[in-house]
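The next block is start_31.tsv, given as TSV, C-alpha atoms and all ligand atoms.
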```tsv
chain	number	residue	atom	x	y	z
A	21	MET	CA	0.00	0.00	0.00
A	22	SER	CA	2.81	2.37	0.81
A	23	GLU	CA	4.50	1.73	-2.52
A	24	ARG	CA	2.49	4.13	-4.61
A	25	ASN	CA	3.07	6.99	-6.99
A	26	PHE	CA	1.88	10.31	-5.67
A	27	TYR	CA	0.91	13.30	-7.76
A	28	ASN	CA	0.30	16.63	-6.10
A	29	ILE	CA	-1.73	18.87	-8.37
A	30	GLU	CA	-3.22	22.16	-7.27
A	31	GLY	CA	-3.43	21.04	-3.70
A	32	ARG	CA	-5.00	17.70	-4.50
A	33	VAL	CA	-3.17	14.44	-4.10
A	34	LEU	CA	-3.68	11.59	-6.55
A	35	SER	CA	-2.10	8.21	-6.01
A	36	THR	CA	-1.64	5.25	-8.32
A	37	PRO	CA	-0.29	1.75	-7.69
A	38	ASN	CA	3.44	1.79	-8.17
A	39	LYS	CA	4.11	-1.56	-9.78
A	40	ALA	CA	6.12	-1.25	-12.95
A	41	VAL	CA	7.69	2.14	-13.37
A	42	ASP	CA	8.82	1.64	-16.94
A	43	PRO	CA	8.58	4.85	-18.97
A	44	GLU	CA	5.56	3.66	-20.94
A	45	THR	CA	3.51	2.83	-17.85
A	46	LYS	CA	4.58	6.05	-16.25
A	47	ALA	CA	3.51	8.06	-19.29
A	48	ALA	CA	0.13	6.32	-19.42
A	49	GLU	CA	-0.35	6.98	-15.75
A	50	GLU	CA	0.49	10.66	-16.13
A	51	THR	CA	-2.03	10.96	-18.96
A	52	MET	CA	-4.68	9.28	-16.82
A	53	VAL	CA	-3.98	11.63	-13.92
A	54	ALA	CA	-4.03	14.68	-16.19
A	55	ASN	CA	-7.34	13.57	-17.72
A	56	PHE	CA	-8.87	13.07	-14.30
A	57	MET	CA	-7.80	16.55	-13.24
A	58	ARG	CA	-9.17	18.07	-16.44
A	59	GLU	CA	-12.52	16.33	-15.97
A	60	LEU	CA	-12.61	17.43	-12.34
A	61	ALA	CA	-11.94	21.04	-13.32
A	62	ALA	CA	-14.64	20.95	-15.99
A	63	ALA	CA	-17.25	19.23	-13.81
A	64	GLY	CA	-19.88	20.89	-11.67
A	65	LYS	CA	-20.19	24.15	-13.59
A	66	ASP	CA	-23.58	23.50	-15.17
A	67	SER	CA	-26.63	24.88	-13.44
A	68	ILE	CA	-28.99	22.39	-11.81
A	69	PRO	CA	-32.82	22.38	-11.74
A	70	GLY	CA	-34.12	25.25	-9.64
A	71	GLU	CA	-30.82	27.12	-9.80
A	72	LEU	CA	-30.99	30.72	-8.59
A	73	PHE	CA	-28.89	33.66	-9.70
A	74	LYS	CA	-26.46	34.77	-7.02
A	75	THR	CA	-27.15	38.21	-5.65
A	76	ASP	CA	-24.31	40.75	-5.52
A	77	GLY	CA	-24.36	40.33	-1.75
A	78	GLU	CA	-23.91	36.58	-2.05
A	79	LYS	CA	-21.01	37.03	-4.46
A	80	LEU	CA	-19.38	39.40	-1.99
A	81	MET	CA	-20.04	36.96	0.86
A	82	ILE	CA	-18.35	34.13	-1.06
A	83	ARG	CA	-15.35	36.34	-1.80
A	84	HIS	CA	-15.07	37.27	1.86
A	85	PHE	CA	-15.47	33.65	3.03
A	86	ASN	CA	-12.58	32.67	0.74
A	87	GLU	CA	-10.43	35.35	2.37
A	88	ASP	CA	-11.58	34.41	5.88
A	89	ILE	CA	-10.82	30.70	5.39
A	90	LYS	CA	-7.40	31.53	3.91
A	91	ALA	CA	-6.61	33.78	6.88
A	92	GLU	CA	-7.62	31.08	9.39
A	93	ALA	CA	-5.56	28.50	7.52
A	94	LEU	CA	-2.51	30.73	7.48
A	95	ALA	CA	-2.90	31.46	11.19
A	96	ALA	CA	-3.02	27.70	11.81
A	97	GLY	CA	0.25	27.30	9.91
A	98	VAL	CA	-1.11	25.97	6.62
A	99	THR	CA	1.03	27.19	3.75
A	100	ASN	CA	-0.13	24.86	0.98
A	101	LEU	CA	-3.87	25.55	0.96
A	102	ARG	CA	-5.84	24.47	-2.10
A	103	PRO	CA	-7.05	27.22	-4.44
A	104	PRO	CA	-10.68	28.23	-3.86
A	105	VAL	CA	-13.55	26.65	-5.78
A	106	PRO	CA	-14.50	28.86	-8.76
A	107	ILE	CA	-17.72	30.76	-8.05
A	108	LYS	CA	-19.36	28.99	-11.02
A	109	LYS	CA	-19.09	25.78	-9.04
A	110	ILE	CA	-21.07	27.17	-6.12
A	111	HIS	CA	-24.77	26.64	-6.78
A	112	PHE	CA	-27.79	27.97	-4.95
A	113	ALA	CA	-30.96	26.11	-5.89
A	114	LEU	CA	-34.56	25.73	-4.78
A	115	PRO	CA	-34.95	22.66	-2.54
A	116	GLY	CA	-37.16	20.95	-5.14
A	117	GLY	CA	-34.55	21.38	-7.87
A	118	TYR	CA	-31.78	20.21	-5.57
A	119	GLN	CA	-33.82	17.13	-4.71
A	120	LYS	CA	-34.40	16.47	-8.41
A	121	GLN	CA	-30.69	16.68	-9.12
A	122	PHE	CA	-29.75	14.55	-6.11
A	123	PRO	CA	-32.72	12.18	-5.65
A	124	ASP	CA	-30.91	10.05	-3.04
A	125	SER	CA	-30.24	13.07	-0.85
A	126	LYS	CA	-32.22	13.23	2.38
A	127	GLU	CA	-34.70	16.06	2.61
A	128	LYS	CA	-33.13	17.53	5.76
A	129	ILE	CA	-29.75	17.96	4.04
A	130	LYS	CA	-29.12	21.65	3.49
A	131	GLY	CA	-26.23	21.45	1.05
A	132	HIS	CA	-23.11	19.53	0.14
A	133	HIS	CA	-19.70	19.63	-1.48
A	134	ALA	CA	-19.24	16.86	-4.05
A	135	LEU	CA	-15.73	15.42	-4.22
A	136	PHE	CA	-16.20	14.10	-7.76
A	137	SER	CA	-17.13	17.44	-9.26
A	138	ASP	CA	-15.53	19.67	-6.64
A	139	ALA	CA	-18.74	21.70	-6.72
A	140	ILE	CA	-20.94	23.05	-3.93
A	141	PHE	CA	-24.74	22.86	-3.89
A	142	ILE	CA	-26.86	24.81	-1.39
A	143	LYS	CA	-30.63	24.78	-0.91
A	144	LYS	CA	-32.16	28.23	-0.92
A	145	ASN	CA	-35.68	29.65	-0.75
A	146	LYS	CA	-37.59	32.32	1.17
A	147	GLU	CA	-38.30	29.98	4.11
A	148	ILE	CA	-34.63	29.30	4.82
A	149	PRO	CA	-33.09	32.20	6.81
A	150	PRO	CA	-30.25	33.94	4.89
A	151	LEU	CA	-27.92	33.47	7.85
A	152	SER	CA	-28.48	29.73	7.74
A	153	ILE	CA	-27.75	29.68	4.00
A	154	ALA	CA	-24.57	31.67	4.66
A	155	HIS	CA	-23.53	29.18	7.35
A	156	ILE	CA	-24.05	26.16	5.09
A	157	THR	CA	-22.21	27.91	2.23
A	158	LEU	CA	-19.25	28.59	4.51
A	159	HIS	CA	-19.31	25.01	5.85
A	160	GLU	CA	-19.23	23.53	2.35
A	161	MET	CA	-16.53	25.98	1.27
A	162	ILE	CA	-14.37	24.74	4.15
A	163	HIS	CA	-14.92	21.18	2.90
A	164	ALA	CA	-13.82	22.34	-0.54
A	165	PHE	CA	-10.62	23.84	0.91
A	166	SER	CA	-9.85	20.67	2.87
A	167	ALA	CA	-7.06	18.32	1.81
A	168	THR	CA	-8.31	16.05	-0.96
A	169	ARG	CA	-6.91	12.76	-2.09
A	170	TYR	CA	-7.99	10.31	-4.77
A	171	ASP	CA	-6.53	6.79	-4.80
A	172	PHE	CA	-6.66	4.88	-8.08
A	173	ASP	CA	-6.56	1.12	-8.54
A	174	SER	CA	-4.60	-0.60	-11.31
A	175	GLN	CA	-7.57	-0.22	-13.67
A	176	GLY	CA	-7.50	3.55	-13.26
A	177	ARG	CA	-10.63	3.66	-11.09
A	178	VAL	CA	-10.86	5.66	-7.91
A	179	TYR	CA	-11.30	3.22	-5.02
A	180	ALA	CA	-10.74	5.60	-2.11
A	181	VAL	CA	-11.21	9.31	-1.56
A	182	LYS	CA	-10.26	11.58	1.25
A	183	GLY	CA	-11.75	14.97	2.03
A	184	GLY	CA	-10.20	16.56	5.09
A	185	TYR	CA	-10.04	13.83	7.74
A	186	ASN	CA	-12.83	11.83	6.15
A	187	SER	CA	-11.69	8.89	4.08
A	188	THR	CA	-14.10	6.74	2.15
A	189	LEU	CA	-13.53	3.41	0.51
A	190	ILE	CA	-15.53	2.97	-2.66
A	191	LYS	CA	-16.58	-0.57	-3.36
A	192	ASN	CA	-17.71	-0.48	-6.96
A	193	ASN	CA	-16.77	2.89	-8.35
A	194	SER	CA	-20.34	3.65	-9.42
A	195	ALA	CA	-21.81	7.11	-9.32
A	196	LYS	CA	-23.99	5.94	-6.48
A	197	SER	CA	-20.97	5.06	-4.39
A	198	ALA	CA	-19.43	8.39	-5.20
A	199	LYS	CA	-22.51	10.03	-3.73
A	200	MET	CA	-21.77	8.40	-0.42
A	201	THR	CA	-18.97	10.86	0.09
A	202	GLU	CA	-21.51	13.62	0.37
A	203	GLU	CA	-23.11	14.66	3.63
A	204	LEU	CA	-24.21	11.72	5.75
A	205	ASP	CA	-25.80	11.56	9.14
A	206	ASP	CA	-26.42	9.22	12.06
A	207	SER	CA	-28.15	6.63	9.91
A	208	GLY	CA	-24.72	5.41	8.85
A	209	ALA	CA	-22.95	4.69	5.61
A	210	GLU	CA	-23.07	1.53	3.56
A	211	ILE	CA	-19.42	1.73	2.72
A	212	LYS	CA	-16.39	2.08	4.93
A	213	ASP	CA	-16.05	5.61	6.05
A	214	LEU	CA	-13.56	6.92	8.58
A	215	PHE	CA	-13.42	10.18	10.54
A	216	LEU	CA	-16.72	11.24	9.02
A	217	GLY	CA	-18.27	12.77	12.14
A	218	PHE	CA	-14.93	14.09	13.39
A	219	ASN	CA	-14.38	15.88	10.08
A	220	GLU	CA	-17.87	17.38	10.23
A	221	GLY	CA	-17.23	18.59	13.78
A	222	VAL	CA	-13.92	20.26	12.92
A	223	THR	CA	-15.44	21.79	9.76
A	224	ASP	CA	-18.43	23.26	11.53
A	225	LEU	CA	-16.44	24.51	14.51
A	226	MET	CA	-14.24	26.37	12.05
A	227	ALA	CA	-17.34	27.76	10.32
A	228	LYS	CA	-18.67	28.89	13.70
A	229	GLU	CA	-15.37	30.58	14.53
A	230	ILE	CA	-15.36	32.48	11.24
A	231	LEU	CA	-19.01	33.55	11.55
A	232	GLU	CA	-18.38	34.87	15.05
A	233	LYS	CA	-15.29	36.77	13.94
A	234	HIS	CA	-16.77	38.24	10.80
A	235	GLN	CA	-20.43	38.79	11.61
A	236	ALA	CA	-20.17	42.52	10.92
A	237	GLU	CA	-18.74	41.87	7.47
A	238	LEU	CA	-21.43	39.30	6.70
A	239	SER	CA	-24.15	41.66	7.95
A	240	GLN	CA	-22.93	44.22	5.47
A	241	ASP	CA	-22.59	41.79	2.57
A	242	LEU	CA	-26.12	40.44	2.95
A	243	ASN	CA	-27.65	43.63	4.26
A	244	LEU	CA	-28.72	41.88	7.45
A	245	ASN	CA	-28.49	42.85	11.06
A	246	ILE	CA	-26.75	39.84	12.58
A	247	GLY	CA	-26.36	39.82	16.34
A	248	PRO	CA	-24.77	37.27	18.69
A	249	GLY	CA	-28.24	35.90	19.42
A	250	ASP	CA	-28.75	35.07	15.74
A	251	LEU	CA	-25.51	33.11	15.64
A	252	ALA	CA	-26.45	31.25	18.81
A	253	ASN	CA	-29.69	30.21	17.12
A	254	LEU	CA	-27.89	28.63	14.18
A	255	GLU	CA	-27.88	24.87	14.05
A	256	PHE	CA	-24.28	23.74	14.27
A	257	HIS	CA	-23.27	20.14	13.81
A	258	ASN	CA	-23.99	17.68	16.62
A	259	TYR	CA	-20.35	16.66	16.67
A	260	CYS	CA	-18.99	20.16	17.35
A	261	PRO	CA	-19.17	19.79	21.14
A	262	TRP	CA	-17.55	16.37	20.87
A	263	VAL	CA	-14.59	17.71	18.88
A	264	ASP	CA	-14.36	20.62	21.29
A	265	TRP	CA	-14.28	18.13	24.17
A	266	ILE	CA	-11.43	16.21	22.51
A	267	VAL	CA	-9.46	19.43	21.90
A	268	GLU	CA	-9.84	20.37	25.53
A	269	LYS	CA	-8.68	17.00	26.86
A	270	VAL	CA	-5.70	16.82	24.50
A	271	ALA	CA	-4.67	20.36	25.46
A	272	LYS	CA	-4.82	19.46	29.14
A	273	ASN	CA	-2.85	16.26	28.62
A	274	ASN	CA	-0.22	17.98	26.44
A	275	GLN	CA	-0.13	20.98	28.78
A	276	GLU	CA	-0.72	23.16	25.76
A	277	ASP	CA	-3.04	26.03	25.14
A	278	LYS	CA	-6.41	24.92	23.78
A	279	ALA	CA	-5.92	27.28	20.82
A	280	VAL	CA	-2.65	25.52	19.93
A	281	VAL	CA	-4.33	22.13	19.80
A	282	TRP	CA	-7.31	23.53	17.90
A	283	ASN	CA	-4.94	25.01	15.30
A	284	LYS	CA	-3.35	21.60	14.81
A	285	PHE	CA	-6.77	20.02	14.31
A	286	LYS	CA	-7.73	22.65	11.74
A	287	ALA	CA	-4.39	22.46	9.95
A	288	GLY	CA	-4.64	18.68	9.68
A	289	MET	CA	-8.00	18.93	7.98
A	290	LEU	CA	-6.71	21.50	5.50
A	291	ASN	CA	-3.30	20.06	4.64
A	292	GLY	CA	-3.76	16.37	5.33
A	293	THR	CA	-1.23	15.99	8.15
A	294	ILE	CA	-2.47	13.53	10.75
A	295	MET	CA	0.48	13.00	13.08
A	296	HIS	CA	-1.24	14.99	15.81
A	297	LEU	CA	-4.10	12.47	15.90
A	298	ARG	CA	-1.82	10.23	17.96
A	299	ASP	CA	-2.26	12.74	20.76
A	300	ILE	CA	-5.90	11.67	20.94
A	301	GLU	CA	-4.92	8.07	21.62
A	302	LYS	CA	-2.29	9.22	24.12
A	303	THR	CA	-4.86	11.33	25.91
A	304	LEU	CA	-8.00	9.22	25.80
A	305	GLY	CA	-6.42	5.80	26.04
A	306	PRO	CA	-5.77	2.69	23.95
A	307	ASN	CA	-8.17	2.15	21.06
A	308	SER	CA	-9.79	5.55	21.55
A	309	LEU	CA	-8.71	6.85	18.14
A	310	ARG	CA	-10.72	4.09	16.53
A	311	LEU	CA	-13.81	5.24	18.44
A	312	VAL	CA	-13.17	8.80	17.27
A	313	ALA	CA	-12.76	7.57	13.67
A	314	ASN	CA	-16.15	5.87	13.87
A	315	ILE	CA	-18.10	8.88	15.13
A	316	GLY	CA	-21.03	9.44	12.81
A	317	LEU	CA	-21.09	5.98	11.29
A	318	SER	CA	-23.88	4.44	13.36
A	319	LYS	CA	-25.91	4.98	16.53
A	320	GLU	CA	-23.80	2.29	18.21
A	321	ASP	CA	-20.57	4.03	17.25
A	322	ASN	CA	-21.87	7.31	18.60
A	323	LEU	CA	-22.98	5.64	21.83
A	324	ALA	CA	-19.54	4.10	22.21
A	325	PHE	CA	-17.89	7.50	21.98
A	326	LYS	CA	-20.42	9.08	24.36
A	327	GLU	CA	-19.60	6.33	26.83
A	328	LEU	CA	-15.89	7.04	26.47
A	329	MET	CA	-16.48	10.74	27.23
A	330	LYS	CA	-18.59	9.90	30.27
A	331	ASN	CA	-16.06	7.42	31.59
A	332	TYR	CA	-13.15	9.77	31.03
A	333	ASP	CA	-14.87	12.65	32.82
A	334	GLN	CA	-15.85	10.43	35.74
A	335	ASN	CA	-12.34	9.10	36.24
A	336	LYS	CA	-10.56	12.43	36.11
A	401	ZN	ZN	-20.25	18.83	6.07
```

Rewritten as C-alpha cells:
Amino acid sequence: MSERNFYNIEGRVLSTPNKAVDPETKAAEETMVANFMRELAAAGKDSIPGELFKTDGEKLMIRHFNEDIKAEALAAGVTNLRPPVPIKKIHFALPGGYQKQFPDSKEKIKGHHALFSDAIFIKKNKEIPPLSIAHITLHEMIHAFSATRYDFDSQGRVYAVKGGYNSTLIKNNSAKSAKMTEELDDSGAEIKDLFLGFNEGVTDLMAKEILEKHQAELSQDLNLNIGPGDLANLEFHNYCPWVDWIVEKVAKNNQEDKAVVWNKFKAGMLNGTIMHLRDIEKTLGPNSLRLVANIGLSKEDNLAFKELMKNYDQNK
C-alpha cells in the first residue's frame, strides 16, 4: 500500500499503484492523472434544476469567506492551501430542484460539497433564513478547501477518496458510491467511512469561529443585522461539542493552550497531516482513536464514543 506513486496537483493528491515504473507505464499513468484533473476542473459548472442567480451580496459573501478561510488556515500554519472553488461551481438552488438533481439526498440535508465534481450545492428559498444559507455555504466551502486525495486502482478507477479527515472506501466505483462521500448523518454509511463525524465537527467549529469573527462583514454583505443571538440560534453540527471536548482533553494532557491544539486540528484537515491524531490516543487511552474515527457511522458508534467521554470525565 505504501509503494504508490503520488501526484500533487493544485493542492490535490492523486495516487496510483506503483508496480512497474517503466517509462511507458509512467507516461500512461500521467495521462490518466491529467485527464482526471481536467474532468474534475470541468465538472460541476452547469446549473442544476431550480438554480438561482447569485445576488451581488452573495457574491461578496463568497469572496469574503474565501479570504476568511485563507486567513484562518494561514494562522493555523497551513502554507499549501488548495485554491478556492470557482464561483461557477457554487450553486444555490430551490430545494425541489436540488432534490431532483440529487434524488438520493435526504430532505433535511441543506447542502453539500461533491468530491467528484468539486462543486458546492446549497438549498435556498424564502423559508430558509439567509444566515443559515450563509452558514451552510461557509461550511461547504471549508470542505472544498480541505485536503483532498484520490486513490486509483490498477484499472485507473478511484477506489478511495479523502476529504479533510474523512476517508471513504468505494466498493464499486459507481456514481452511487461516489454520492456516499456527500453529507451523511447518524443513519450510517453503507461503505467504509472513517473520521466522518470528526471531520464534520472540525469543519463546523471552524465555520462557527469564522461567523463569530466576521459577523459585521457578513451583515454588510447580505444587508442583514446579525447579532450574537442570531448566531447562537444557528444549528451547528452535533459533533462540534464532541470535537471541542477532545481538543480540551488533549490540550490538558499535552499541557498546551487549547488554541494551539485547535490550530493543529484545523491544519490537519486542511493540509492532510495527521500526526497529531496520535495525541488523541495518548490522551483518551488505547483504542480511543478508533472510536473517534467511527463517530457518525452508526448509533452504536456514537454511543460508544459518548460512553468514552462519560467514563473519562468520571475518572478524572
Ligand atoms: Zn459537512

Neighbours of ligand ZN 401 (chain A) at 9 Å or closer, counting all atoms listed in the file: which residues, as number ranges by chain?
A: 131-133, 156, 159-160, 162-163, 202-204, 216-217, 219-221, 223-224, 257

Here is a test: counting only C-alpha atoms, which residue of A:Val263, A:Met226, A:Leu60, A:Leu242 is nearest to Asp76 (chain A)?
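Among the listed residues, the smallest separation from Asp76 (chain A) belongs to A:Leu242.
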
Excluding same-chain residues fewer than 4 positions from region 166-171 of chain A, what lies within 9 Å of it counting all atoms listed in the file, as a list in words?
Gly31, Arg32, Val33, Leu34, Ser35, Thr36, Pro37, Leu101, Arg102, Leu135, Met161, Ile162, Arg177, Val178, Tyr179, Ala180, Val181, Lys182, Gly183, Gly184, Tyr185, Ser187, Thr223, Gly288, Met289, Leu290, Asn291, Gly292 and Thr293 of chain A

Could you pull the residues within 9 Å of Asn283 (chain A), counting only C-alpha atoms, minus those fewer than 2 positions along the same chain, as a ChimeraX atom specification?
/A:92-93,95-97,278-281,285-288

Would you list the contacts of Pro261 (chain A) as a PyMOL selection string, taking every protein, DNA or RNA residue within 10 Å and counting all atoms listed in the file, but skipping same-chain residues closer than 6 positions in sequence?
chain A and resi 221-222+225+267

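Proximity ranking of A:Asn274, A:Asn335, A:Ser308, A:Ser318 relative to Lys212 (chain A) places A:Ser318 first, based on all atoms listed in the file.
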
Write out as a list in words which residues come within 8 Å of Lys143 (chain A) when counting all atoms listed in the file, dropping same-chain ones fewer than 4 positions away.
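Everything that qualifies: Phe112, Ala113, Leu114, Pro115, Tyr118, Lys130, Gly131 and Ile153 of chain A.
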
Using C-alpha atoms, can you write the selected residues to a file as a short mmCIF file (atom, residue, chain, number, x, y, z; two decimals), in the frame of the given file?
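Result file is again_9.cif:
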```cif
data_model
loop_
_atom_site.label_atom_id
_atom_site.label_comp_id
_atom_site.auth_asym_id
_atom_site.auth_seq_id
_atom_site.Cartn_x
_atom_site.Cartn_y
_atom_site.Cartn_z
CA PHE A 112 -27.79 27.97 -4.95
CA ALA A 113 -30.96 26.11 -5.89
CA LEU A 114 -34.56 25.73 -4.78
CA PRO A 115 -34.95 22.66 -2.54
CA TYR A 118 -31.78 20.21 -5.57
CA LYS A 130 -29.12 21.65 3.49
CA GLY A 131 -26.23 21.45 1.05
CA ILE A 153 -27.75 29.68 4.00
#
```

For Asn245 (chain A), work out the shell of residues within 10 Å, counting only C-alpha atoms and skipping chain neighbours fewer than 5 positions away, then give it as a PyMOL selection string.
chain A and resi 151+235-236+238-240+250

To one decimal place, how far is CA of Ile315 (chain A) from CA of Phe218 (chain A) in Å?
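Going from CA of Ile315 (chain A) over to CA of Phe218 (chain A) covers 6.3 Å.
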
Of the listed residues A:Trp282, A:Tyr27, A:Phe215, A:Phe122, that which approaches Glu268 (chain A) most closely, counting only C-alpha atoms:
A:Trp282

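Shortest separation to Asp173 (chain A) among A:Ile82, A:Ile190, A:Ile110, A:Leu94 occurs at residue A:Ile190, atoms counted being all atoms listed in the file.
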
Around the point (-19.4, 19.1, -6.6) in the file's coordinates, collect all residues with an atom within 12 Å, using only C-alpha atoms, and return them as number ranges by chain.
A: 59-68, 105-111, 121-122, 131-142, 160-161, 163-164, 198-199, 201-203

Work out how far apart CA of Asp321 (chain A) and CA of Ser125 (chain A) are and give it in Å to one decimal.
22.4 Å

Can you tell me how far CA of Ala54 (chain A) sits from CA of Leu158 (chain A), in Å to one decimal?
29.2 Å

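Ranking A:Asn86, A:Thr75, A:Asn314, A:Gln275 by their shortest atom-to-atom distance to Thr188 (chain A), with only C-alpha atoms included, puts A:Asn314 first.
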
When you count only C-alpha atoms, which of these residues is closest to Ala227 (chain A): A:Glu30, A:Glu276, A:Asp88, A:Glu49?
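Closest to Ala227 (chain A) of all the choices is A:Asp88.
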
Box dimensions and centre (Å, one decimal) enclosing region 106-120 of chain A, axis-aligned, 3 Å extra per side, as JSON:
```
{"center_x": -25.8, "center_y": 23.6, "center_z": -6.8, "size_x": 28.7, "size_y": 20.3, "size_z": 14.5}
```
